[in-house]
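Structure below is final-v9.txt: compact mmCIF, C-alpha atoms.
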```txt
# COMPACT_ATOMS: atom_id res chain seq x y z
CA MET A 117 -49.83 25.81 -58.35
CA ILE A 118 -50.72 25.36 -54.67
CA PRO A 119 -51.19 28.93 -53.40
CA PHE A 120 -49.74 30.12 -50.13
CA ASN A 121 -53.13 31.11 -48.73
CA ARG A 122 -56.85 31.03 -49.36
CA PRO A 123 -59.15 33.23 -47.24
CA PRO A 124 -61.10 31.25 -44.64
CA TYR A 125 -64.67 30.50 -45.71
CA THR A 126 -67.19 28.33 -43.88
CA GLY A 127 -70.41 28.81 -45.85
CA ASN A 128 -72.11 30.44 -42.86
CA GLU A 129 -71.07 33.89 -44.03
CA GLU A 130 -73.52 34.20 -46.93
CA GLN A 131 -76.76 34.15 -44.94
CA HIS A 132 -75.49 36.75 -42.50
CA VAL A 133 -74.05 39.02 -45.18
CA LEU A 134 -77.38 38.93 -47.05
CA ASN A 135 -79.25 39.70 -43.85
CA ALA A 136 -76.96 42.66 -43.22
CA MET A 137 -77.39 43.90 -46.78
CA ARG A 138 -81.17 43.81 -46.41
CA SER A 139 -81.22 45.50 -43.03
CA GLU A 140 -81.89 49.16 -42.41
CA LYS A 141 -78.46 49.69 -40.86
CA ILE A 142 -75.28 48.74 -42.68
CA SER A 143 -72.87 51.46 -41.52
CA GLY A 144 -71.49 49.72 -38.43
CA ASP A 145 -72.34 48.80 -34.83
CA GLY A 146 -75.61 47.24 -35.89
CA LYS A 147 -76.82 43.78 -34.99
CA TYR A 148 -73.76 41.90 -36.26
CA GLY A 149 -71.20 44.36 -35.01
CA LEU A 150 -72.64 44.11 -31.52
CA LEU A 151 -72.87 40.31 -31.72
CA CYS A 152 -69.18 40.05 -32.65
CA GLN A 153 -68.09 42.44 -29.94
CA GLN A 154 -70.12 40.60 -27.30
CA TRP A 155 -68.56 37.30 -28.45
CA PHE A 156 -65.06 38.64 -27.89
CA GLU A 157 -65.92 40.28 -24.57
CA GLU A 158 -67.16 36.93 -23.28
CA LYS A 159 -64.32 34.90 -24.83
CA LEU A 160 -61.55 37.19 -23.56
CA ASN A 161 -63.31 38.45 -20.44
CA CYS A 162 -62.20 41.95 -21.43
CA ASN A 163 -63.81 45.26 -20.49
CA LYS A 164 -64.61 46.15 -24.10
CA ALA A 165 -64.05 44.84 -27.61
CA LEU A 166 -64.45 47.25 -30.54
CA LEU A 167 -64.39 46.15 -34.16
CA THR A 168 -62.24 48.27 -36.49
CA PRO A 169 -61.71 48.25 -40.27
CA SER A 170 -58.20 46.81 -39.75
CA CYS A 171 -55.71 45.76 -37.09
CA THR A 172 -53.63 48.77 -38.14
CA GLN A 173 -56.44 51.09 -37.07
CA ALA A 174 -56.91 49.24 -33.79
CA LEU A 175 -53.24 49.89 -33.03
CA GLU A 176 -53.66 53.54 -34.03
CA ILE A 177 -56.48 53.93 -31.52
CA ALA A 178 -54.30 52.25 -28.87
CA ALA A 179 -51.52 54.77 -29.53
CA ILE A 180 -53.95 57.64 -29.00
CA LEU A 181 -55.41 56.07 -25.85
CA ILE A 182 -52.03 55.76 -24.12
CA ASP A 183 -51.33 59.37 -25.12
CA ILE A 184 -48.23 58.84 -27.23
CA GLN A 185 -46.53 62.21 -27.68
CA PRO A 186 -43.60 63.31 -29.85
CA GLY A 187 -40.39 62.04 -28.29
CA ASP A 188 -41.97 59.13 -26.41
CA GLU A 189 -40.31 55.74 -26.89
CA VAL A 190 -42.07 52.46 -27.58
CA ILE A 191 -40.28 49.10 -27.26
CA MET A 192 -41.09 46.27 -29.68
CA PRO A 193 -39.41 43.64 -31.86
CA SER A 194 -38.14 44.58 -35.31
CA TYR A 195 -39.41 41.29 -36.72
CA THR A 196 -43.01 42.37 -37.26
CA PHE A 197 -45.33 44.01 -39.76
CA VAL A 198 -44.89 47.73 -40.38
CA SER A 199 -48.24 48.61 -38.76
CA THR A 200 -46.90 47.64 -35.34
CA ALA A 201 -44.43 50.51 -35.52
CA ASN A 202 -46.33 52.93 -37.75
CA ALA A 203 -49.26 53.30 -35.37
CA PHE A 204 -46.92 54.84 -32.79
CA VAL A 205 -44.63 56.68 -35.21
CA MET A 206 -47.68 58.54 -36.52
CA ARG A 207 -48.11 60.00 -33.02
CA GLY A 208 -44.45 61.09 -32.92
CA ALA A 209 -42.92 58.17 -31.04
CA LYS A 210 -39.39 56.88 -31.44
CA ILE A 211 -39.41 53.08 -31.86
CA VAL A 212 -36.85 51.15 -29.83
CA PHE A 213 -36.29 47.67 -31.21
CA VAL A 214 -34.86 44.80 -29.20
CA ASP A 215 -33.76 41.40 -30.43
CA ILE A 216 -35.99 38.36 -30.74
CA ARG A 217 -35.73 34.90 -29.24
CA PRO A 218 -34.44 32.34 -31.77
CA ASP A 219 -36.91 29.70 -30.59
CA THR A 220 -40.28 31.49 -30.90
CA LEU A 221 -39.17 34.57 -32.90
CA ASN A 222 -40.99 36.65 -30.28
CA ILE A 223 -39.46 39.63 -28.49
CA ASP A 224 -36.74 38.52 -26.06
CA GLU A 225 -38.29 39.51 -22.75
CA ARG A 226 -34.85 39.41 -21.08
CA LEU A 227 -33.69 42.37 -23.20
CA ILE A 228 -36.61 44.71 -22.61
CA GLU A 229 -35.58 46.23 -19.31
CA ALA A 230 -32.20 47.35 -20.64
CA ALA A 231 -33.98 49.28 -23.41
CA ILE A 232 -36.11 51.35 -21.02
CA THR A 233 -35.30 55.04 -20.66
CA PRO A 234 -37.14 57.95 -18.99
CA LYS A 235 -38.86 58.47 -22.36
CA THR A 236 -40.28 54.95 -22.58
CA LYS A 237 -44.09 54.89 -22.67
CA ALA A 238 -45.06 51.39 -23.75
CA ILE A 239 -44.04 47.85 -24.66
CA VAL A 240 -45.62 46.20 -27.69
CA PRO A 241 -45.10 42.42 -27.71
CA VAL A 242 -45.96 40.68 -30.99
CA HIS A 243 -47.27 37.11 -30.72
CA TYR A 244 -45.56 35.68 -33.78
CA ALA A 245 -47.34 32.78 -35.51
CA GLY A 246 -49.92 32.78 -32.72
CA VAL A 247 -47.36 31.71 -30.10
CA GLY A 248 -47.57 33.82 -26.97
CA CYS A 249 -44.74 36.01 -25.73
CA ASP A 250 -43.67 35.54 -22.11
CA MET A 251 -46.36 37.87 -20.84
CA ASP A 252 -45.78 37.33 -17.12
CA VAL A 253 -42.26 38.73 -17.43
CA ILE A 254 -43.38 41.55 -19.72
CA MET A 255 -46.25 42.61 -17.46
CA ASP A 256 -43.96 42.53 -14.43
CA ILE A 257 -41.48 44.83 -16.18
CA ALA A 258 -44.29 47.14 -17.30
CA ASN A 259 -45.81 47.34 -13.83
CA ARG A 260 -42.49 48.09 -12.15
CA HIS A 261 -41.66 50.84 -14.64
CA LYS A 262 -45.25 52.13 -14.98
CA LEU A 263 -45.45 51.37 -18.70
CA TYR A 264 -48.38 50.38 -20.88
CA VAL A 265 -48.49 47.05 -22.69
CA VAL A 266 -50.23 46.84 -26.06
CA GLU A 267 -50.39 43.28 -27.36
CA ASP A 268 -50.06 42.96 -31.11
CA ALA A 269 -52.14 39.79 -31.31
CA ALA A 270 -52.81 40.12 -35.05
CA GLN A 271 -51.96 36.43 -35.49
CA GLY A 272 -53.09 35.29 -32.06
CA MET A 273 -56.85 34.76 -32.04
CA MET A 274 -57.77 31.55 -30.15
CA SER A 275 -54.20 31.11 -28.84
CA THR A 276 -53.44 31.05 -25.12
CA TYR A 277 -50.59 31.79 -22.73
CA LYS A 278 -50.79 29.90 -19.41
CA GLY A 279 -54.48 29.36 -20.08
CA LYS A 280 -55.21 33.03 -20.82
CA GLN A 281 -56.37 34.12 -24.24
CA LEU A 282 -53.79 36.19 -26.12
CA GLY A 283 -55.05 39.75 -26.19
CA SER A 284 -56.53 39.51 -22.71
CA ILE A 285 -53.33 40.23 -20.76
CA GLY A 286 -51.98 43.65 -21.72
CA HIS A 287 -53.71 46.97 -21.08
CA LEU A 288 -54.80 46.97 -24.73
CA ALA A 289 -54.54 44.57 -27.65
CA ALA A 290 -55.30 44.29 -31.34
CA PHE A 291 -56.45 41.42 -33.57
CA SER A 292 -56.39 41.20 -37.36
CA PHE A 293 -59.10 39.78 -39.60
CA HIS A 294 -57.14 40.22 -42.83
CA GLU A 295 -57.69 37.51 -45.43
CA THR A 296 -54.36 35.90 -44.48
CA LYS A 297 -55.43 35.36 -40.86
CA ASN A 298 -57.33 32.45 -39.32
CA PHE A 299 -60.53 34.51 -39.35
CA THR A 300 -61.54 37.28 -41.71
CA SER A 301 -64.29 39.86 -41.90
CA GLY A 302 -64.34 39.84 -45.65
CA GLY A 303 -60.71 40.51 -46.57
CA GLU A 304 -59.86 43.25 -44.07
CA GLY A 305 -60.80 43.90 -40.47
CA GLY A 306 -59.53 44.30 -36.96
CA LEU A 307 -60.43 44.49 -33.30
CA LEU A 308 -59.34 46.67 -30.41
CA ILE A 309 -59.38 44.85 -27.08
CA ILE A 310 -59.58 46.97 -23.94
CA ASN A 311 -58.60 45.25 -20.70
CA ASP A 312 -57.99 48.43 -18.70
CA ALA A 313 -61.37 50.00 -17.94
CA GLN A 314 -59.98 53.54 -17.89
CA PHE A 315 -59.77 53.47 -21.70
CA VAL A 316 -63.29 52.34 -22.56
CA ALA A 317 -65.14 55.64 -22.72
CA ARG A 318 -62.46 57.47 -24.68
CA ALA A 319 -61.97 54.56 -27.09
CA GLU A 320 -65.61 54.78 -28.13
CA ILE A 321 -65.21 58.51 -28.75
CA ILE A 322 -62.01 58.18 -30.78
CA ARG A 323 -63.59 55.40 -32.84
CA GLU A 324 -66.63 57.60 -33.57
CA LYS A 325 -64.67 60.44 -35.16
CA GLY A 326 -64.10 62.17 -31.82
CA THR A 327 -67.80 62.40 -30.97
CA ASN A 328 -69.86 61.03 -28.10
CA ARG A 329 -72.22 59.36 -30.58
CA SER A 330 -72.15 56.00 -28.78
CA GLN A 331 -73.36 57.67 -25.58
CA PHE A 332 -76.13 59.35 -27.56
CA PHE A 333 -77.41 56.05 -28.92
CA ARG A 334 -77.42 54.59 -25.40
CA GLY A 335 -79.50 57.55 -24.22
CA MET A 336 -76.74 58.92 -21.99
CA VAL A 337 -76.75 62.35 -23.69
CA ASP A 338 -79.56 64.13 -25.53
CA LYS A 339 -77.37 65.00 -28.52
CA TYR A 340 -73.89 64.12 -29.65
CA THR A 341 -71.08 66.46 -30.49
CA TRP A 342 -67.35 66.72 -31.16
CA VAL A 343 -65.51 66.18 -27.87
CA ASP A 344 -62.04 64.75 -28.71
CA ILE A 345 -59.72 63.78 -31.53
CA GLY A 346 -60.72 60.72 -33.51
CA SER A 347 -61.35 59.25 -36.91
CA SER A 348 -63.70 56.91 -38.76
CA TYR A 349 -62.80 53.57 -37.21
CA LEU A 350 -66.05 51.58 -37.64
CA PRO A 351 -66.27 48.65 -40.04
CA SER A 352 -69.50 48.16 -41.95
CA GLU A 353 -72.24 45.76 -40.86
CA ILE A 354 -71.43 43.65 -43.90
CA GLN A 355 -67.88 43.11 -42.62
CA ALA A 356 -69.21 42.24 -39.17
CA ALA A 357 -71.76 39.82 -40.65
CA TYR A 358 -69.03 38.03 -42.57
CA LEU A 359 -66.96 37.71 -39.40
CA TRP A 360 -69.97 36.48 -37.40
CA GLY A 361 -70.36 33.60 -39.85
CA GLN A 362 -66.85 32.52 -38.90
CA LEU A 363 -67.11 33.11 -35.18
CA GLU A 364 -70.00 30.62 -35.16
CA GLN A 365 -67.41 28.00 -36.14
CA ALA A 366 -64.37 29.39 -34.32
CA ASN A 367 -63.50 26.10 -32.62
CA GLN A 368 -63.88 24.07 -35.82
CA ILE A 369 -61.69 26.49 -37.78
CA THR A 370 -58.98 26.35 -35.14
CA GLU A 371 -59.08 22.57 -34.84
CA ASN A 372 -58.90 22.23 -38.62
CA ARG A 373 -55.82 24.45 -38.86
CA LEU A 374 -54.15 22.67 -35.97
CA ALA A 375 -54.72 19.32 -37.71
CA SER A 376 -52.89 20.60 -40.80
CA TRP A 377 -50.13 22.10 -38.64
CA ASN A 378 -49.66 18.82 -36.78
CA SER A 379 -49.59 16.86 -40.04
CA TYR A 380 -46.80 19.07 -41.36
CA TYR A 381 -44.88 18.72 -38.13
CA GLU A 382 -45.16 14.94 -37.98
CA GLN A 383 -44.14 14.41 -41.61
CA LEU A 384 -41.18 16.79 -41.45
CA SER A 385 -39.87 15.87 -38.00
CA ASN A 386 -37.53 13.17 -39.23
CA LEU A 387 -35.51 15.54 -41.41
CA ALA A 388 -35.56 18.14 -38.66
CA THR A 389 -33.94 15.69 -36.26
CA GLN A 390 -31.23 15.21 -38.89
CA GLU A 391 -30.64 18.97 -38.64
CA LYS A 392 -31.58 19.60 -42.27
CA PHE A 393 -33.78 22.48 -41.08
CA GLU A 394 -35.58 23.65 -37.96
CA LEU A 395 -39.30 23.40 -37.18
CA PRO A 396 -41.45 25.82 -35.15
CA ILE A 397 -41.20 25.74 -31.37
CA SER A 398 -44.09 26.44 -29.01
CA PRO A 399 -43.31 26.63 -25.26
CA GLU A 400 -45.23 24.26 -23.00
CA ASP A 401 -47.21 27.09 -21.41
CA CYS A 402 -48.43 28.31 -24.82
CA GLN A 403 -51.16 26.84 -27.00
CA HIS A 404 -50.92 28.21 -30.52
CA ASN A 405 -53.77 28.41 -33.04
CA GLY A 406 -52.22 26.80 -36.11
CA HIS A 407 -51.87 30.16 -37.77
CA MET A 408 -48.63 29.47 -39.61
CA PHE A 409 -46.34 26.58 -40.40
CA TYR A 410 -42.77 27.54 -41.15
CA LEU A 411 -39.37 25.96 -41.30
CA LYS A 412 -35.96 27.55 -40.97
CA THR A 413 -33.26 26.66 -43.46
CA LYS A 414 -29.54 26.73 -42.69
CA ASN A 415 -28.96 30.08 -44.37
CA LEU A 416 -30.26 32.59 -46.91
CA LEU A 417 -28.76 30.75 -49.88
CA GLN A 418 -30.47 27.49 -48.98
CA ARG A 419 -33.76 29.33 -48.46
CA THR A 420 -33.52 30.90 -51.91
CA GLU A 421 -32.80 27.53 -53.50
CA LEU A 422 -35.66 25.83 -51.61
CA LEU A 423 -38.15 28.52 -52.63
CA SER A 424 -37.14 28.08 -56.27
CA HIS A 425 -37.42 24.30 -55.97
CA LEU A 426 -40.88 24.51 -54.42
CA LYS A 427 -42.07 26.87 -57.13
CA ALA A 428 -40.88 24.41 -59.78
CA GLU A 429 -42.87 21.72 -57.93
CA GLY A 430 -46.02 23.82 -58.07
CA VAL A 431 -45.84 25.07 -54.48
CA TYR A 432 -46.01 28.76 -53.65
CA ALA A 433 -44.13 29.19 -50.35
CA VAL A 434 -42.99 32.57 -49.07
CA PHE A 435 -40.62 34.15 -46.60
CA HIS A 436 -41.85 36.75 -44.11
CA TYR A 437 -40.87 40.10 -42.62
CA VAL A 438 -37.83 42.07 -43.58
CA PRO A 439 -36.78 43.45 -40.15
CA LEU A 440 -38.08 46.97 -39.74
CA HIS A 441 -34.83 48.43 -38.44
CA ASN A 442 -33.21 47.57 -41.78
CA ALA A 443 -35.86 49.49 -43.76
CA PRO A 444 -35.39 53.11 -44.86
CA ALA A 445 -38.15 54.38 -42.57
CA GLY A 446 -36.84 52.19 -39.77
CA LYS A 447 -33.52 53.99 -39.89
CA GLN A 448 -35.36 57.31 -39.65
CA PHE A 449 -37.90 56.54 -36.93
CA SER A 450 -36.23 53.93 -34.75
CA ARG A 451 -33.10 52.64 -33.10
CA PHE A 452 -32.04 49.09 -32.26
CA ASN A 453 -31.07 48.66 -28.63
CA GLY A 454 -28.28 46.16 -28.11
CA ALA A 455 -27.03 43.67 -30.66
CA ASP A 456 -29.02 42.28 -33.58
CA GLN A 457 -27.95 38.74 -32.85
CA PHE A 458 -31.02 36.90 -34.13
CA THR A 459 -33.54 39.25 -35.77
CA THR A 460 -31.91 39.57 -39.19
CA ALA A 461 -30.31 36.13 -39.18
CA GLU A 462 -33.54 34.32 -38.36
CA SER A 463 -35.57 36.40 -40.82
CA GLU A 464 -33.26 35.27 -43.65
CA ARG A 465 -33.83 31.58 -42.92
CA LEU A 466 -37.60 31.37 -42.56
CA ILE A 467 -40.01 29.90 -45.13
CA ARG A 468 -43.78 29.76 -44.62
CA LEU A 469 -45.49 26.77 -46.18
CA PRO A 470 -49.01 26.90 -47.67
CA MET A 471 -51.84 26.38 -45.20
CA TRP A 472 -55.42 27.54 -44.78
CA PHE A 473 -58.78 26.44 -43.38
CA ASN A 474 -59.80 23.18 -45.07
CA PHE A 475 -56.36 22.76 -46.62
CA GLY A 476 -56.60 19.41 -48.39
CA GLN A 477 -54.45 16.55 -47.17
CA ASP A 478 -53.37 15.72 -50.73
CA SER A 479 -52.09 19.26 -51.20
CA LEU A 480 -50.31 19.16 -47.87
CA ASN A 481 -48.70 15.83 -48.74
CA HIS A 482 -47.49 17.28 -52.05
CA VAL A 483 -45.86 20.20 -50.21
CA VAL A 484 -44.13 17.80 -47.83
CA LYS A 485 -42.98 15.58 -50.70
CA SER A 486 -41.58 18.64 -52.48
CA VAL A 487 -39.64 19.72 -49.38
CA LEU A 488 -38.29 16.22 -48.87
CA SER A 489 -37.18 15.90 -52.51
CA PHE A 490 -35.14 19.08 -52.16
CA TYR A 491 -33.25 17.78 -49.15
CA GLU A 492 -32.68 14.40 -50.74
CA LYS A 493 -30.56 16.23 -53.31
CA ASN A 494 -28.89 18.54 -50.79
```
As structure tokens, what does this structure read like?
Amino acid sequence: MIPFNRPPYTGNEEQHVLNAMRSEKISGDGKYGLLCQQWFEEKLNCNKALLTPSCTQALEIAAILIDIQPGDEVIMPSYTFVSTANAFVMRGAKIVFVDIRPDTLNIDERLIEAAITPKTKAIVPVHYAGVGCDMDVIMDIANRHKLYVVEDAAQGMMSTYKGKQLGSIGHLAAFSFHETKNFTSGGEGGLLIINDAQFVARAEIIREKGTNRSQFFRGMVDKYTWVDIGSSYLPSEIQAAYLWGQLEQANQITENRLASWNSYYEQLSNLATQEKFELPISPEDCQHNGHMFYLKTKNLLQRTELLSHLKAEGVYAVFHYVPLHNAPAGKQFSRFNGADQFTTAESERLIRLPMWFNFGQDSLNHVVKSVLSFYEKN
């Protein structure tokens, strides 16, 4: 069986993980944690990058930083992972979902303004499959209405929008280093990106359990103490060391994934032009990172049949999110503004094909052959 995913592994990780294990500091923000954070600060030209144990926790810090209070509203797409909403719901926010675009499956920027009320505090665009949302429009709306923008760039590392790195545009952003992403810090991991300098000092405090410990270690205070709310949001040095081994080959990993993505696209384009299914779309001003290759079937029934066919052919393909507004908690903590024209319909058609770093061409060709054989019969 060809699995859907294998965690990225370069071989560089082992030496750094061993070094971290043998060091005198393994609890976080040691040599490797600082190296990773500096790498992102230079790559994204952001004010601060802070590693976290998960992308979920990076979003939780963001919700605290923008002072989400009970009754505040946060606008986002329903077609996303539960953490996007949960981070703000945990602070008492009401989630306001708007429909997605059928081409990129990103939030439809044209529908955001109509969802704004006096209670709106933030917009959370999700860069699906590493394809950037229309950030110029979103930032213009946010600036005119004095709203914060938190980019959920969990899938977006090494992708760009109009030449800008995803995660570098909103006031805050979050990356994921889960084992299913292009880069991992050992199975789990995340990053908070701070582009608005006003949040830097407090972010460090929140991340250090509400203490000014970071200032103490820089010699800015003679002792550290409890000064704010916070939690334990530091990953271990071992996680950071694992990630550093991948950051050393960030370009190679991205190029390798893009090669697989392009191979899928080229081999499946003929059937797509015959309208058997639809292939991913990336706008001209966006450069994606090869995070995910999907196709969209004609309907839910065809998707179910194709998944069964692929499984019989030894291919483990999967669908993706069940829209959050259709979930039990979604009905309790959110509302959908406007019509659900595309969110549910598109979610029921999508199939993600296997792909990972160093995905073998023979395996890829077998997946393609299996897809083609299904449509030859249908």
Kindly provide the residues of range 165-197 of chain A that approach range 275-293 of chain A to within 7 Å, each paired with its closest atom pair and their distance in Å to one decimal, based on only C-alpha atoms, listed by chain and increasing number, as CSV.
```
residue,atom,partner,partner_atom,distance
A:Ser170,CA,A:Ser292,CA,6.4
A:Cys171,CA,A:Ser292,CA,4.6
A:Ala174,CA,A:Ala290,CA,5.8
A:Leu175,CA,A:Ala290,CA,6.2
A:Ala178,CA,A:Leu288,CA,6.7
```
Residues from last step as file, C-alpha atoms, as a tab-separated table (two decimals), in the frame of the given file:
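Saved as part_35.tsv:
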```tsv
chain	number	residue	atom	x	y	z
A	170	SER	CA	-58.20	46.81	-39.75
A	171	CYS	CA	-55.71	45.76	-37.09
A	174	ALA	CA	-56.91	49.24	-33.79
A	175	LEU	CA	-53.24	49.89	-33.03
A	178	ALA	CA	-54.30	52.25	-28.87
```
message: Just checking: using all atoms listed in the file, which residue out of A:Val205, A:Val434, A:Asn222, A:His441 ends up closest to Asn453 in chain A?
response: A:His441
If we count all atoms listed in the file, what is near range 455-459 of chain A at a cut-off of 8 Å, once residues fewer than 4 positions away on the same chain are taken out, given as a PDB file with C-alpha atoms, in the frame of the given file?
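part-v2.pdb was written with the following content:
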```pdb
ATOM      1  CA  SER A 194     -38.140  44.580 -35.310  1.00  0.00           C
ATOM      2  CA  TYR A 195     -39.410  41.290 -36.720  1.00  0.00           C
ATOM      3  CA  VAL A 214     -34.860  44.800 -29.200  1.00  0.00           C
ATOM      4  CA  ASP A 215     -33.760  41.400 -30.430  1.00  0.00           C
ATOM      5  CA  ILE A 216     -35.990  38.360 -30.740  1.00  0.00           C
ATOM      6  CA  ARG A 217     -35.730  34.900 -29.240  1.00  0.00           C
ATOM      7  CA  PRO A 218     -34.440  32.340 -31.770  1.00  0.00           C
ATOM      8  CA  LEU A 221     -39.170  34.570 -32.900  1.00  0.00           C
ATOM      9  CA  PRO A 439     -36.780  43.450 -40.150  1.00  0.00           C
ATOM     10  CA  SER A 463     -35.570  36.400 -40.820  1.00  0.00           C
TER      11      SER A 463
END
```
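Going from CA of Cys249 in chain A to CA of Phe204 in chain A covers 20.2 Å.
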query: Which residues, written as a list in words, have at least one atom at most 12 Å from Trp155 in chain A, with only C-alpha atoms counted and residues fewer than 5 positions away on the same chain left out?
result: Tyr148, Gly149, Leu150, Leu160, Asn161, Cys162, Lys164, Ala165, Leu166, Leu167, Leu307, Ile309, Ala356, Leu359, Trp360, Gln362, Leu363, Glu364 and Ala366 of chain A
query: Interatomic distance between CA of Asn328 in chain A and CA of Tyr340 in chain A?
result: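 It comes out at 5.3 Å.
Minimum distance to Tyr358 in chain A across A:Glu492, A:Glu462, A:Glu225, A:Glu295 (counting only C-alpha atoms) occurs at A:Glu295.
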task: Using all atoms listed in the file, collect all residues at a distance of at most 12 Å from (-61.3, 31.1, -35.5) as written in the file, then present them as a VMD selection string.
output: chain A and resid 124 to 126 155 to 156 159 246 271 to 275 291 to 293 297 to 301 359 to 374 404 to 407 472 to 473
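For the pair CA of Gly144 in chain A and CA of Ile184 in chain A, the separation is 27.4 Å.
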